[in-house]
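Only one structure is covered here, and it is reproduced in the block below.
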Amino acid sequence: MLDLASSQDWYWFHFASAHEQARHLIRALSNLPEDAKDSLIDQDGDLRLDVEGDTVYGAIADFEHDLSDRNKETAKLSFALNGRMFISMRRHALYSTDLVRRHFERGCVPALPIDLLEMIFSHFAHAAARELSEIA
């Protein structure tokens, strides 16, 4: 297992809920509160935002992503973050998460895990605004 304590970096772990090993990995993380672990694993829960100690966790909305880019269906991204890591889990491929992944590939990595959450949410907000504009 990765030793987070020996590094100054932070890490993003992104899982598809279909992978059973992801649940075992999340359960094994000693630096996450149990409620945060439950929130990550429960893909049927509501959208939410909670804070426990130095951990922010919950679930936010995103658009599903398919081969043709963004579609109009919304889905959920579950996440937990602290100063050293951002863990996310999703059932479907997600539009905003994929855009952020592309930023990482180009070397545009946010300084902190909380900045990653802001990037994901910002991409979703812009996509939702475009969707509303098309409807209007």
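A note on labels: chains of the structure tokens are A, B, ... as shown, every chain counts residues from 1, and ligands are counted from 1 in their shown order.
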
Next on the checklist: DSSP on the backbone, helix (DSSP H, G or I) only: what residues of region 91-125 of chain A does that give? Format it as a list of chain:residue names.
Outcome noted: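 Everything in region 91-125 of chain A that counts as helix (DSSP H, G or I) is A:Tyr95, A:Ser96, A:Thr97, A:Asp98, A:Leu99, A:Val100, A:Arg101, A:Arg102, A:His103, A:Phe104, A:Glu105, A:Pro113, A:Ile114, A:Asp115, A:Leu116, A:Leu117, A:Glu118, A:Met119, A:Ile120, A:Phe121, A:Ser122, A:His123, A:Phe124, A:Ala125.
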
Next on the checklist: Write out as a ChimeraX atom specification the set of residues from region 9-61 of chain A that DSSP, computed on the backbone, places in strand (DSSP E or B).
Outcome noted: /A:11-16,48-52,55-61

Checklist entry - Skipping near chain neighbours, those fewer than 6 positions away, what residues fall within 9 Å of region 125-133 of chain A using only C-alpha atoms, listed as a ChimeraX atom specification? => result /A:62-63,70,72,95-96

Dump C-alpha atoms for the selected residues as a tab-separated table (two decimals), in the first residue's frame?
chain	number	residue	atom	x	y	z
A	62	ASP	CA	-22.07	15.79	-12.61
A	63	PHE	CA	-23.18	15.00	-16.14
A	70	ARG	CA	-21.34	15.15	-22.33
A	72	LYS	CA	-27.89	15.38	-20.48
A	95	TYR	CA	-18.00	14.74	-17.78
A	96	SER	CA	-16.37	17.15	-15.32

Next on the checklist: Excluding Thr97 (chain A) and its own-chain neighbours fewer than 4 positions away, which residues fall within 10 Å of it when counting only C-alpha atoms? Please give them as a VMD selection string.
Outcome noted: chain A and resid 14 62 to 65 77 88 90 93 101 to 103 116 to 117 119 to 121 123 to 124

Let me see the file: selected residues, N, CA and C atoms, as a compact mmCIF listing (two decimals), in the first residue's frame.
# COMPACT_ATOMS: atom_id res chain seq x y z
N HIS A 14 -9.20 7.66 -7.96
CA HIS A 14 -10.51 7.73 -8.59
C HIS A 14 -10.95 6.32 -8.96
N ASP A 62 -22.85 15.59 -11.39
CA ASP A 62 -22.07 15.79 -12.61
C ASP A 62 -22.90 15.24 -13.76
N PHE A 63 -22.53 15.58 -14.97
CA PHE A 63 -23.18 15.00 -16.14
C PHE A 63 -22.46 13.71 -16.51
N GLU A 64 -23.23 12.75 -16.99
CA GLU A 64 -22.61 11.54 -17.49
C GLU A 64 -21.80 11.87 -18.73
N HIS A 65 -20.78 11.08 -18.95
CA HIS A 65 -19.88 11.26 -20.09
C HIS A 65 -19.95 10.01 -20.93
N LEU A 77 -20.95 11.98 -8.16
CA LEU A 77 -19.56 11.73 -7.81
C LEU A 77 -19.45 11.78 -6.30
N SER A 88 -12.27 9.67 -5.01
CA SER A 88 -13.58 9.81 -5.64
C SER A 88 -14.03 8.46 -6.18
N ARG A 90 -17.37 6.78 -8.65
CA ARG A 90 -18.52 7.05 -9.49
C ARG A 90 -19.03 5.75 -10.08
N ALA A 93 -19.22 7.00 -16.08
CA ALA A 93 -18.19 7.95 -16.51
C ALA A 93 -18.79 9.35 -16.41
N ARG A 101 -9.28 15.32 -15.41
CA ARG A 101 -8.24 14.32 -15.70
C ARG A 101 -7.37 14.80 -16.87
N ARG A 102 -8.01 15.39 -17.88
CA ARG A 102 -7.26 15.93 -19.02
C ARG A 102 -6.34 17.07 -18.59
N HIS A 103 -6.79 17.90 -17.65
CA HIS A 103 -5.93 18.97 -17.11
C HIS A 103 -4.70 18.35 -16.45
N LEU A 116 -8.97 20.64 -6.27
CA LEU A 116 -9.50 19.65 -7.22
C LEU A 116 -11.02 19.62 -7.16
N LEU A 117 -11.57 19.64 -5.95
CA LEU A 117 -13.03 19.68 -5.80
C LEU A 117 -13.59 20.93 -6.48
N MET A 119 -12.30 22.55 -9.00
CA MET A 119 -12.20 22.38 -10.45
C MET A 119 -13.36 21.53 -10.99
N ILE A 120 -13.64 20.43 -10.31
CA ILE A 120 -14.72 19.54 -10.75
C ILE A 120 -16.05 20.29 -10.70
N PHE A 121 -16.30 20.94 -9.58
CA PHE A 121 -17.57 21.66 -9.43
C PHE A 121 -17.69 22.79 -10.44
N HIS A 123 -16.36 22.97 -13.48
CA HIS A 123 -16.69 22.40 -14.79
C HIS A 123 -18.15 21.99 -14.86
N PHE A 124 -18.67 21.42 -13.78
CA PHE A 124 -20.09 21.04 -13.77
C PHE A 124 -20.98 22.28 -13.87

Checklist entry - For Gln43 (chain A), which of A:Ser17, A:Ser30, A:Ser122, A:Thr74 is the closest residue, counting only C-alpha atoms? => result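 That would be A:Ser17, the residue with the smallest distance to Gln43 (chain A).
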
Checklist entry - Restricting the calculation to only C-alpha atoms, which member of A:Leu112, A:Leu47, A:Leu94, A:Leu81 is positioned closest to Asn31 (chain A)? => result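 So, comparing all the options, the nearest one is A:Leu81.
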
Item to check | Å distance separating CA of Thr55 (chain A) from CA of Gly83 (chain A), one decimal place | outcome: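 About the pair CA of Thr55 (chain A) and CA of Gly83 (chain A): they are 8.1 Å apart.
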
Next on the checklist: Restricting the calculation to only C-alpha atoms: of A:Ala59, A:Asp66, A:Lys37, A:Phe79, which residue gets closest to Asp98 (chain A)?
Outcome noted: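 Smallest distance to Asp98 (chain A) is found for A:Asp66.
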
Checklist entry - What is the CA of Ala28 (chain A)-CA of Leu49 (chain A) distance in Å, reported with one decimal? => result 22.2 Å

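The interatomic distance for the pair CA of Asp46 (chain A) and CA of Val100 (chain A) works out to 23.1 Å.
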
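For Ala16 (chain A), the residues within 7 Å (counting only C-alpha atoms, excluding itself and residues fewer than 2 positions away along the chain) are Ala18, His19, Met89, Arg90 and Arg91 of chain A.
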
Would you output that residue set with C-alpha atoms, as a PDB file, in the first residue's frame?
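part-v1.pdb was written with the following content:
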ATOM      1  CA  ALA A  18     -18.160  -1.631 -10.132  1.00  0.00           C
ATOM      2  CA  HIS A  19     -14.676  -2.603  -8.924  1.00  0.00           C
ATOM      3  CA  MET A  89     -15.960   7.089  -6.728  1.00  0.00           C
ATOM      4  CA  ARG A  90     -18.517   7.053  -9.491  1.00  0.00           C
ATOM      5  CA  ARG A  91     -20.949   4.610 -11.049  1.00  0.00           C
TER       6      ARG A  91
END

Checklist entry - Restricting the calculation to only C-alpha atoms, which member of A:Leu40, A:Arg106, A:Gly58, A:Val51 is positioned closest to Phe13 (chain A)? => result A:Leu40

Checklist outcome for this item: Judged by only C-alpha atoms, the minimum distance to Asn82 (chain A) among A:Val56, A:Ala61, A:Glu134, A:Glu118 is found for A:Val56
